[in-house]
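The structure appears below as structure tokens.
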Amino acid sequence: MHFFAVVLAFQFDAGAKAPQAKTPINAESYLKPSEEIAEYFDQPRYLNVNLSNLNATRTWFARVQADRAVNLADISTKYENLAGIMIDPVADRARTMSYRTSSSIVLTSASDFATRVIQAPKGKWLSGGTWSPNGKYLLYMVHGEESSTVWVHDAERNSSRELTKQPILATRVTPEWIPDSSGVVGVFVPASRGAEPKETSVPSQPKVQVTDPGKNRLRQFRTLLQNENDQRRFEYFMTGQLAKVGLDGKVTSVGKPAMISAFDPSPKGDVFRVTTIQKPFSYVVPASNFGRKEEIWDATGKALTMLEETPLRPGEPAPDPLATAPPVTPPAARRQLGWLPDGSGMYFVRTKAKPQTTPAQPILIPGEDEQTRGQRPGAAPTAPREPEELVKWVAPFRKEDETVLATREQGFGGMIWNPTGTAIFLSETKDGETKFKRFELNKEMTETVLWSYKGAEQNPGAAVLSTNSNGVSVLDDSAPKILLRGTNTTTDEEKNPSRPFLNCFDTQSKKIDLLWKCEEKAYQTIDGVLNAEGTRLLVDHQTATEPSNSFLFEGGKRTKQVTQNKDYAPDLTEAKRYRFQVTRADGFKFWVKVTAPKWHAEGDRLPAFFWFYPSELENQAAYDRGIRNPNPNMFPAQGGSPKSLLIRRGWALVEPDCPIVGPRTRVNDFYVDHLRQNLSATIDALEVKGIADRTKLALGGHSYGGFSTVNAMVHTPFFKAGIAGAGNYNRTLTPIAFQGEQRTLFEARSTYLDMSPILYAENLSGALLMYAGMDDQNVGTDPINSARLFNVLESIGKPAALYMYPYEDHGQVARETLMDQWARWIAWLDKYVLGKDK
């Protein structure tokens, strides 16, 4: 049973003091914030839509229409967490499928943009919306209280039907199309499933854990299997029957029920690539670490061959601090495994095996020997790249069923097929020139250059692919024209913003012509190419002041607005925005973004709220490489709970980069010092620019940002209040590595302790508000961190509050939760930063 817990130091004392008057800080109920904040959550932003799910025939767009935002009743629906997999045990599906937020799918005609609504049956809701490869049918799921079923809409006949009444098992996978569009494949609740394993009222065993021989590095996982009954329940809810369902509703089972975690049907649905979860399970790692087996099954479920078997991973191997390259793949390993375009079998790529010879002696540099060769950071691989083979593999998928189609020294990365599987396309770059080539799969591997370019600025774009009759993505170079999509990227987005474009390559003349390019002073992307010639496009258009909307472009020009999305927060759109570089005391330079009310002028110092999340880097060059200047033509879209709402109350929102810089293996040794320097330099810059009042500062963050918020408050004197969400405040609770830190507590004891703000709680310089989801599943941020820090702050007389939200995970989603958070946050900042106690 979950309870909504609100506790505030100095506000309640059961024995010595009279109860305090109820305020937004200590009220034990879900609250609504002040009107200027609540208004944001009352707006129907879910009605803003994007048209992008276009079928293969270019006739219809499909989208699931939201009816409302997620609310507390949705996330309160009964659910269970089995080894990190959240399910609805009543209806045999993923927990989120039980959120009743959508009861319809809207189809939009690509010809005249008229709409058609697919309505869920009364009292039910739906999800999904996947077009068949031939573009004629839409697959979706309808959900009821106790089950989910597969439905199909016939776009041509404008009719929908339940394909089969057999309930699907959607705890791990959902149905998908057979690539030739003849039906769907899914995992269904087994007909002879048996009784659900139940927990007895009297325990049948204690919780038992025994270490394995040797070392086993374990992260801190929140929800794991606890006993034998948990194991039985996990197997029960993961075990389903793989089956094909024809468009006539006929169900054909494939093999016996199994714990299926992935499947991939062949183009004709007669062979299946299937991954199953394997026993034994574990009490120390989640389901993602359980063993698995990937096989090829025939139509009866017989395993023809095993592709890969991965044992249970009870932990993680110790990292190699000097490793700079991924491990070498064995020559026989299959990569890029997929279905052949002609439906005759599979293909894969492997490294060509070399004959056994005496290995060449490595070249040593001064100071190296055979034992230390390659151990320095940046050391080059000792062996040159091996040639690769493209292999055709047909049923029954034995070794003797393999045929080498081609061999290339440069490999087959980024390979594209033609529709019949007789040729492939690859890009090659040499001496600064990139060539896009067609290779005939004959003995000579005859090649033809289609186009070439030098430098990224001359890149004509990537070929627009289509789906052939077997559902495989291909490049049809038998057509007279090939469309190319790309973006003119630049080194300075602010001065010369990126502009997407569409080109047309003439296969006869080899000429490339521009069909469309993003307008200046706007950011536009193609949502749908509506004809083969590329002259009719649906384009998503936005500017710095206009929200994203879909427009029809014909002949390269805008002719019609299709969607009517609104800007539900124009004051946030019109906010004053600053971006400037700061130099901290050690000379490191980083960037700061500030959002202020539109009426703000430099010199008018505002109360400022910092929202931040540190990053770990090796040096200034690494930081500079990662800088991505925002495109000034993009609309400043707001999220579900944007901190910029504070500008409605006269605050400045400050979002500084927070680089922690040092050698990769010990960067966190500098965490506390660089945290101080980053914040100090930012505050000084804000004061010089006349943006913020340094006597009225608060800061906050979520997850690692929440952790860093508390560290800032115990290691600096700058902030009167802090808001820390879902953080870890005691690094001894994550003793075997955390975030980017790969050393253990025992290898970097002083760093772990320095980064544990609970150990410095007596130095807390302001009032701390903490919040957490009571069902937080994130590694390392168990809510016990917040509870224990609150206990310490209560004990030593520091002002603090803790709000724990039932049914919420690491990130909070329910409307009631978000509204309540804002009511508490505003009251906290008003009291401790602005001095408005009420």
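Quick note on naming: the chains in the structure tokens go A, B, ... in the order shown, residues restart at 1 in each chain, and ligands are numbered from 1 in order of appearance.
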Discussion item. At a cut-off of 7 Å, using only C-alpha atoms, what residues contact Gly461 (chain A)? Leave out same-chain residues fewer than 6 positions from it and give the result as an MDAnalysis selection string.
Written reply: chainID A and resid 484:486
Report as a PDB file with N, CA, C and O atoms, in the first residue's frame all protein, DNA and RNA residues lying within 7 Å of region 157-169 of chain A, evaluated on only C-alpha atoms, omitting residues in the same chain fewer than 2 positions from it.
```pdb
ATOM      1  N   ASP A  92      -2.312  -8.781 -18.856  1.00  0.00           N
ATOM      2  CA  ASP A  92      -1.189  -9.388 -19.586  1.00  0.00           C
ATOM      3  C   ASP A  92      -0.540  -8.423 -20.576  1.00  0.00           C
ATOM      4  O   ASP A  92      -0.318  -8.759 -21.739  1.00  0.00           O
ATOM      5  N   ARG A  93      -0.206  -7.231 -20.131  1.00  0.00           N
ATOM      6  CA  ARG A  93       0.409  -6.261 -21.025  1.00  0.00           C
ATOM      7  C   ARG A  93       1.342  -5.348 -20.234  1.00  0.00           C
ATOM      8  O   ARG A  93       1.343  -5.347 -18.993  1.00  0.00           O
ATOM      9  N   SER A 147      -7.950  -7.526 -20.980  1.00  0.00           N
ATOM     10  CA  SER A 147      -7.191  -8.083 -22.094  1.00  0.00           C
ATOM     11  C   SER A 147      -6.998  -7.049 -23.195  1.00  0.00           C
ATOM     12  O   SER A 147      -7.644  -5.993 -23.206  1.00  0.00           O
ATOM     13  N   SER A 148      -6.102  -7.392 -24.123  1.00  0.00           N
ATOM     14  CA  SER A 148      -5.868  -6.596 -25.323  1.00  0.00           C
ATOM     15  C   SER A 148      -5.968  -7.522 -26.532  1.00  0.00           C
ATOM     16  O   SER A 148      -5.553  -8.677 -26.466  1.00  0.00           O
ATOM     17  N   THR A 149      -6.505  -6.986 -27.635  1.00  0.00           N
ATOM     18  CA  THR A 149      -6.636  -7.794 -28.841  1.00  0.00           C
ATOM     19  C   THR A 149      -6.126  -7.016 -30.059  1.00  0.00           C
ATOM     20  O   THR A 149      -5.967  -5.801 -30.016  1.00  0.00           O
ATOM     21  N   VAL A 150      -5.901  -7.768 -31.155  1.00  0.00           N
ATOM     22  CA  VAL A 150      -5.358  -7.203 -32.381  1.00  0.00           C
ATOM     23  C   VAL A 150      -6.489  -6.786 -33.309  1.00  0.00           C
ATOM     24  O   VAL A 150      -7.420  -7.560 -33.561  1.00  0.00           O
ATOM     25  N   TRP A 151      -6.386  -5.576 -33.846  1.00  0.00           N
ATOM     26  CA  TRP A 151      -7.373  -5.060 -34.797  1.00  0.00           C
ATOM     27  C   TRP A 151      -6.664  -4.587 -36.060  1.00  0.00           C
ATOM     28  O   TRP A 151      -5.489  -4.223 -36.042  1.00  0.00           O
ATOM     29  N   VAL A 152      -7.414  -4.592 -37.162  1.00  0.00           N
ATOM     30  CA  VAL A 152      -6.896  -4.131 -38.444  1.00  0.00           C
ATOM     31  C   VAL A 152      -7.935  -3.220 -39.090  1.00  0.00           C
ATOM     32  O   VAL A 152      -9.132  -3.518 -39.084  1.00  0.00           O
ATOM     33  N   HIS A 153      -7.454  -2.100 -39.630  1.00  0.00           N
ATOM     34  CA  HIS A 153      -8.317  -1.190 -40.391  1.00  0.00           C
ATOM     35  C   HIS A 153      -7.961  -1.304 -41.863  1.00  0.00           C
ATOM     36  O   HIS A 153      -6.794  -1.193 -42.248  1.00  0.00           O
ATOM     37  N   ASP A 154      -8.972  -1.524 -42.695  1.00  0.00           N
ATOM     38  CA  ASP A 154      -8.813  -1.563 -44.149  1.00  0.00           C
ATOM     39  C   ASP A 154      -9.030  -0.144 -44.666  1.00  0.00           C
ATOM     40  O   ASP A 154     -10.161   0.362 -44.677  1.00  0.00           O
ATOM     41  N   ALA A 155      -7.950   0.513 -45.091  1.00  0.00           N
ATOM     42  CA  ALA A 155      -8.054   1.922 -45.494  1.00  0.00           C
ATOM     43  C   ALA A 155      -8.911   2.096 -46.736  1.00  0.00           C
ATOM     44  O   ALA A 155      -9.626   3.093 -46.873  1.00  0.00           O
ATOM     45  N   THR A 171       3.412  -8.195 -22.620  1.00  0.00           N
ATOM     46  CA  THR A 171       4.303  -7.811 -21.532  1.00  0.00           C
ATOM     47  C   THR A 171       5.702  -7.493 -22.027  1.00  0.00           C
ATOM     48  O   THR A 171       6.451  -6.754 -21.390  1.00  0.00           O
ATOM     49  N   VAL A 187       2.554 -12.533 -30.131  1.00  0.00           N
ATOM     50  CA  VAL A 187       2.637 -13.477 -29.024  1.00  0.00           C
ATOM     51  C   VAL A 187       1.325 -13.375 -28.261  1.00  0.00           C
ATOM     52  O   VAL A 187       0.915 -12.288 -27.847  1.00  0.00           O
ATOM     53  N   PHE A 188       0.668 -14.509 -28.087  1.00  0.00           N
ATOM     54  CA  PHE A 188      -0.660 -14.547 -27.498  1.00  0.00           C
ATOM     55  C   PHE A 188      -0.646 -15.294 -26.165  1.00  0.00           C
ATOM     56  O   PHE A 188       0.260 -16.088 -25.888  1.00  0.00           O
ATOM     57  N   VAL A 189      -1.665 -15.014 -25.356  1.00  0.00           N
ATOM     58  CA  VAL A 189      -1.818 -15.737 -24.096  1.00  0.00           C
ATOM     59  C   VAL A 189      -2.062 -17.204 -24.429  1.00  0.00           C
ATOM     60  O   VAL A 189      -2.963 -17.527 -25.201  1.00  0.00           O
ATOM     61  N   GLY A 240       4.460 -16.907 -23.721  1.00  0.00           N
ATOM     62  CA  GLY A 240       3.349 -16.734 -24.646  1.00  0.00           C
ATOM     63  C   GLY A 240       3.487 -17.634 -25.855  1.00  0.00           C
ATOM     64  O   GLY A 240       4.536 -18.250 -26.096  1.00  0.00           O
ATOM     65  N   GLY A 249      -8.400 -13.922 -40.355  1.00  0.00           N
ATOM     66  CA  GLY A 249      -8.594 -14.221 -38.944  1.00  0.00           C
ATOM     67  C   GLY A 249      -8.124 -15.593 -38.522  1.00  0.00           C
ATOM     68  O   GLY A 249      -8.185 -15.928 -37.338  1.00  0.00           O
TER      69      GLY A 249
END
```
Proximity of region 95-161 of chain A to region 551-563 of chain A: per-residue shortest pair, 12 Å limit, only C-alpha atoms, as a tab-separated table:
```
residue	atom	partner	partner_atom	distance
A:Thr108	CA	A:Val562	CA	9.7
A:Ser109	CA	A:Val562	CA	10.6
A:Ala110	CA	A:Leu552	CA	9.6
A:Ser111	CA	A:Leu552	CA	10.1
A:Asp112	CA	A:Val562	CA	9.4
A:Phe113	CA	A:Val562	CA	6.9
A:Ala114	CA	A:Val562	CA	9.5
A:Thr115	CA	A:Val562	CA	10.9
```
Item to complete: Determine the nearest neighbour of Ala456 (chain A) from the options A:Tyr729, A:Thr77, A:Glu433, A:Ile37, counting only C-alpha atoms.
Response: A:Glu433
Practice prompt. Tell me which protein, DNA and RNA residues are within 9 Å of Glu235 (chain A), counting only C-alpha atoms, leaving out same-chain ones fewer than 4 positions away, and put them as a count of residues only.
Written response: 5
Worksheet item: Counting only C-alpha atoms, what is within 10 Å of Gly701 (chain A), bar same-chain residues fewer than 4 positions away, as a PyMOL selection string?
Response: chain A and resi 610-614+705-710+722-727
Residues of the last selection are to be written out with C-alpha atoms, as a PDB file, in the first residue's frame.
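Saved the output as again.pdb:
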```pdb
ATOM      1  CA  PHE A 610      19.569  27.485 -11.674  1.00  0.00           C
ATOM      2  CA  TRP A 611      18.623  24.167 -13.311  1.00  0.00           C
ATOM      3  CA  PHE A 612      21.619  22.047 -14.224  1.00  0.00           C
ATOM      4  CA  TYR A 613      23.131  18.601 -14.887  1.00  0.00           C
ATOM      5  CA  PRO A 614      26.926  18.132 -14.817  1.00  0.00           C
ATOM      6  CA  GLY A 705      21.286  17.066 -11.303  1.00  0.00           C
ATOM      7  CA  GLY A 706      19.458  16.510  -8.008  1.00  0.00           C
ATOM      8  CA  PHE A 707      22.537  14.857  -6.552  1.00  0.00           C
ATOM      9  CA  SER A 708      24.621  17.819  -7.727  1.00  0.00           C
ATOM     10  CA  THR A 709      22.112  20.299  -6.297  1.00  0.00           C
ATOM     11  CA  VAL A 710      22.673  18.974  -2.791  1.00  0.00           C
ATOM     12  CA  GLY A 722      17.435  24.073  -3.520  1.00  0.00           C
ATOM     13  CA  ILE A 723      15.055  21.668  -5.256  1.00  0.00           C
ATOM     14  CA  ALA A 724      16.571  18.217  -5.655  1.00  0.00           C
ATOM     15  CA  GLY A 725      14.704  15.480  -7.505  1.00  0.00           C
ATOM     16  CA  ALA A 726      15.331  11.726  -7.514  1.00  0.00           C
ATOM     17  CA  GLY A 727      18.966  11.991  -6.518  1.00  0.00           C
TER      18      GLY A 727
END
```
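The coordinates place CA of Ala83 (chain A) at 16.2 Å from CA of Glu199 (chain A).
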Selection near region 717-721 of chain A, 10 Å with only C-alpha atoms, sequence-local residues under 3 positions removed, as a PDB file with N, CA and C atoms, in the first residue's frame:
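Result went into part.pdb, see below:
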```pdb
ATOM      1  N   ALA A 608      17.033  34.428  -9.368  1.00  0.00           N
ATOM      2  CA  ALA A 608      17.435  33.455 -10.394  1.00  0.00           C
ATOM      3  C   ALA A 608      17.366  32.034  -9.857  1.00  0.00           C
ATOM      4  N   PHE A 609      16.846  31.154 -10.715  1.00  0.00           N
ATOM      5  CA  PHE A 609      16.771  29.727 -10.391  1.00  0.00           C
ATOM      6  C   PHE A 609      17.659  28.976 -11.373  1.00  0.00           C
ATOM      7  N   PHE A 610      18.664  28.286 -10.851  1.00  0.00           N
ATOM      8  CA  PHE A 610      19.569  27.485 -11.674  1.00  0.00           C
ATOM      9  C   PHE A 610      18.973  26.079 -11.833  1.00  0.00           C
ATOM     10  N   ARG A 676      32.130  23.946  -7.766  1.00  0.00           N
ATOM     11  CA  ARG A 676      32.232  25.280  -7.161  1.00  0.00           C
ATOM     12  C   ARG A 676      32.616  26.325  -8.216  1.00  0.00           C
ATOM     13  N   LEU A 679      29.752  27.179 -10.793  1.00  0.00           N
ATOM     14  CA  LEU A 679      28.660  27.977 -10.242  1.00  0.00           C
ATOM     15  C   LEU A 679      29.124  29.386  -9.885  1.00  0.00           C
ATOM     16  N   SER A 680      30.321  29.494  -9.328  1.00  0.00           N
ATOM     17  CA  SER A 680      30.848  30.811  -8.960  1.00  0.00           C
ATOM     18  C   SER A 680      31.035  31.686 -10.200  1.00  0.00           C
ATOM     19  N   ILE A 683      27.607  32.830 -11.577  1.00  0.00           N
ATOM     20  CA  ILE A 683      26.999  33.887 -10.761  1.00  0.00           C
ATOM     21  C   ILE A 683      27.688  35.229 -11.001  1.00  0.00           C
ATOM     22  N   ARG A 694      22.399  38.309  -6.919  1.00  0.00           N
ATOM     23  CA  ARG A 694      23.123  37.206  -6.290  1.00  0.00           C
ATOM     24  C   ARG A 694      22.686  36.970  -4.856  1.00  0.00           C
ATOM     25  N   THR A 695      21.860  37.824  -4.295  1.00  0.00           N
ATOM     26  CA  THR A 695      21.339  37.582  -2.952  1.00  0.00           C
ATOM     27  C   THR A 695      20.018  36.798  -2.989  1.00  0.00           C
ATOM     28  N   LYS A 696      19.534  36.509  -4.206  1.00  0.00           N
ATOM     29  CA  LYS A 696      18.266  35.786  -4.340  1.00  0.00           C
ATOM     30  C   LYS A 696      18.429  34.654  -5.362  1.00  0.00           C
ATOM     31  N   LEU A 697      19.206  33.668  -4.960  1.00  0.00           N
ATOM     32  CA  LEU A 697      19.511  32.554  -5.852  1.00  0.00           C
ATOM     33  C   LEU A 697      18.991  31.238  -5.285  1.00  0.00           C
ATOM     34  N   ALA A 698      18.508  30.402  -6.184  1.00  0.00           N
ATOM     35  CA  ALA A 698      18.129  29.030  -5.849  1.00  0.00           C
ATOM     36  C   ALA A 698      18.616  28.143  -6.981  1.00  0.00           C
ATOM     37  N   LEU A 699      18.704  26.851  -6.729  1.00  0.00           N
ATOM     38  CA  LEU A 699      19.097  25.941  -7.804  1.00  0.00           C
ATOM     39  C   LEU A 699      18.385  24.615  -7.644  1.00  0.00           C
ATOM     40  N   GLY A 700      18.387  23.842  -8.735  1.00  0.00           N
ATOM     41  CA  GLY A 700      17.734  22.554  -8.700  1.00  0.00           C
ATOM     42  C   GLY A 700      18.227  21.669  -9.828  1.00  0.00           C
ATOM     43  N   THR A 709      22.739  19.189  -7.017  1.00  0.00           N
ATOM     44  CA  THR A 709      22.112  20.299  -6.297  1.00  0.00           C
ATOM     45  C   THR A 709      22.484  20.253  -4.820  1.00  0.00           C
ATOM     46  N   ALA A 712      26.096  21.063  -4.304  1.00  0.00           N
ATOM     47  CA  ALA A 712      26.337  22.503  -4.399  1.00  0.00           C
ATOM     48  C   ALA A 712      25.950  23.211  -3.101  1.00  0.00           C
ATOM     49  N   MET A 713      24.880  22.745  -2.481  1.00  0.00           N
ATOM     50  CA  MET A 713      24.398  23.417  -1.271  1.00  0.00           C
ATOM     51  C   MET A 713      25.244  23.102  -0.043  1.00  0.00           C
ATOM     52  N   VAL A 714      25.983  22.013  -0.049  1.00  0.00           N
ATOM     53  CA  VAL A 714      26.857  21.722   1.101  1.00  0.00           C
ATOM     54  C   VAL A 714      28.292  22.158   0.842  1.00  0.00           C
ATOM     55  N   ALA A 724      15.827  19.383  -5.195  1.00  0.00           N
ATOM     56  CA  ALA A 724      16.571  18.217  -5.655  1.00  0.00           C
ATOM     57  C   ALA A 724      15.617  17.058  -5.908  1.00  0.00           C
ATOM     58  N   ASN A 763      26.827  21.349   6.664  1.00  0.00           N
ATOM     59  CA  ASN A 763      27.234  22.558   5.939  1.00  0.00           C
ATOM     60  C   ASN A 763      26.149  23.075   4.994  1.00  0.00           C
ATOM     61  N   LEU A 764      24.979  22.459   5.000  1.00  0.00           N
ATOM     62  CA  LEU A 764      23.915  22.874   4.088  1.00  0.00           C
ATOM     63  C   LEU A 764      23.656  24.367   4.244  1.00  0.00           C
ATOM     64  N   SER A 765      23.761  25.101   3.132  1.00  0.00           N
ATOM     65  CA  SER A 765      23.743  26.562   3.210  1.00  0.00           C
ATOM     66  C   SER A 765      22.368  27.177   2.989  1.00  0.00           C
ATOM     67  N   GLY A 766      21.359  26.382   2.634  1.00  0.00           N
ATOM     68  CA  GLY A 766      20.033  26.932   2.401  1.00  0.00           C
ATOM     69  C   GLY A 766      18.978  25.898   2.745  1.00  0.00           C
ATOM     70  N   ALA A 767      17.759  26.158   2.330  1.00  0.00           N
ATOM     71  CA  ALA A 767      16.640  25.259   2.613  1.00  0.00           C
ATOM     72  C   ALA A 767      16.484  24.285   1.446  1.00  0.00           C
ATOM     73  N   LEU A 768      16.404  22.994   1.745  1.00  0.00           N
ATOM     74  CA  LEU A 768      16.397  21.964   0.708  1.00  0.00           C
ATOM     75  C   LEU A 768      15.042  21.280   0.601  1.00  0.00           C
ATOM     76  N   LEU A 769      14.464  21.346  -0.590  1.00  0.00           N
ATOM     77  CA  LEU A 769      13.257  20.586  -0.914  1.00  0.00           C
ATOM     78  C   LEU A 769      13.673  19.398  -1.769  1.00  0.00           C
ATOM     79  N   PRO A 799      16.513  23.267   7.560  1.00  0.00           N
ATOM     80  CA  PRO A 799      15.193  23.352   6.920  1.00  0.00           C
ATOM     81  C   PRO A 799      15.132  22.488   5.667  1.00  0.00           C
ATOM     82  N   ALA A 800      14.173  21.567   5.668  1.00  0.00           N
ATOM     83  CA  ALA A 800      14.065  20.640   4.537  1.00  0.00           C
ATOM     84  C   ALA A 800      12.652  20.111   4.439  1.00  0.00           C
ATOM     85  N   TRP A 828       8.050  27.081  -1.662  1.00  0.00           N
ATOM     86  CA  TRP A 828       9.403  26.961  -1.110  1.00  0.00           C
ATOM     87  C   TRP A 828      10.280  28.142  -1.521  1.00  0.00           C
ATOM     88  N   LEU A 829      10.252  28.474  -2.793  1.00  0.00           N
ATOM     89  CA  LEU A 829      11.064  29.589  -3.273  1.00  0.00           C
ATOM     90  C   LEU A 829      10.574  30.921  -2.709  1.00  0.00           C
ATOM     91  N   ASP A 830       9.253  31.054  -2.629  1.00  0.00           N
ATOM     92  CA  ASP A 830       8.713  32.288  -2.045  1.00  0.00           C
ATOM     93  C   ASP A 830       9.196  32.480  -0.617  1.00  0.00           C
ATOM     94  N   LYS A 831       9.174  31.415   0.164  1.00  0.00           N
ATOM     95  CA  LYS A 831       9.521  31.533   1.572  1.00  0.00           C
ATOM     96  C   LYS A 831      11.015  31.739   1.796  1.00  0.00           C
ATOM     97  N   TYR A 832      11.827  30.886   1.153  1.00  0.00           N
ATOM     98  CA  TYR A 832      13.245  30.865   1.512  1.00  0.00           C
ATOM     99  C   TYR A 832      14.125  31.756   0.650  1.00  0.00           C
ATOM    100  N   VAL A 833      13.644  32.187  -0.511  1.00  0.00           N
ATOM    101  CA  VAL A 833      14.447  33.078  -1.350  1.00  0.00           C
ATOM    102  C   VAL A 833      13.873  34.495  -1.347  1.00  0.00           C
ATOM    103  N   LEU A 834      12.566  34.588  -1.481  1.00  0.00           N
ATOM    104  CA  LEU A 834      11.935  35.906  -1.574  1.00  0.00           C
ATOM    105  C   LEU A 834      11.427  36.429  -0.237  1.00  0.00           C
TER     106      LEU A 834
END
```
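For the choices A:Ser344, A:Gln220, A:Asn531, A:Gln65, the atom-to-atom distance to Pro396 (chain A) is smallest for A:Ser344 when using only C-alpha atoms.
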Worksheet item: as a VMD selection string, which residues of region 565-766 of chain A does DSSP assign to alpha helix (DSSP H)?
Response: chain A and resid 570 to 573 620 to 625 671 to 688 704 to 715 749 to 754
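Straight-line separation from CA of Thr407 (chain A) to CA of Leu337 (chain A): 16.1 Å.
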List as a PDB file with C-alpha atoms, in the first residue's frame the protein and nucleic acid residues near region 391-394 of chain A, meaning an atom at most 7 Å away when only C-alpha atoms are counted, but skip any in the same chain fewer than 4 places from it.
```
ATOM      1  CA  SER A 344      14.702 -16.521 -50.607  1.00  0.00           C
ATOM      2  CA  GLY A 345      16.455 -16.485 -47.239  1.00  0.00           C
ATOM      3  CA  MET A 346      18.739 -14.347 -45.093  1.00  0.00           C
ATOM      4  CA  TYR A 347      21.997 -12.520 -45.530  1.00  0.00           C
ATOM      5  CA  PHE A 348      24.762 -11.579 -43.149  1.00  0.00           C
ATOM      6  CA  VAL A 349      28.235 -10.063 -43.128  1.00  0.00           C
ATOM      7  CA  ASP A 401      23.512 -23.538 -46.924  1.00  0.00           C
ATOM      8  CA  GLU A 402      25.804 -20.491 -47.006  1.00  0.00           C
ATOM      9  CA  THR A 403      26.902 -18.876 -50.270  1.00  0.00           C
ATOM     10  CA  VAL A 404      29.398 -16.027 -50.417  1.00  0.00           C
ATOM     11  CA  LEU A 405      27.922 -13.307 -52.643  1.00  0.00           C
TER      12      LEU A 405
END
```
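Using only C-alpha atoms, the smallest distance between any of A:Ala827, A:Pro607, A:Tyr771, A:Ser786 and Met804 (chain A) comes from A:Tyr771.
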Fill in: Residues within 6 Å of region 663-666 of chain A, only C-alpha atoms, excluding chain neighbours under 2 positions, as a PyMOL selection string
chain A and resi 618+668-669
Worksheet item: Any idea what the distance is between CA of Ile482 (chain A) and CA of Val464 (chain A)?
Response: 7.2 Å
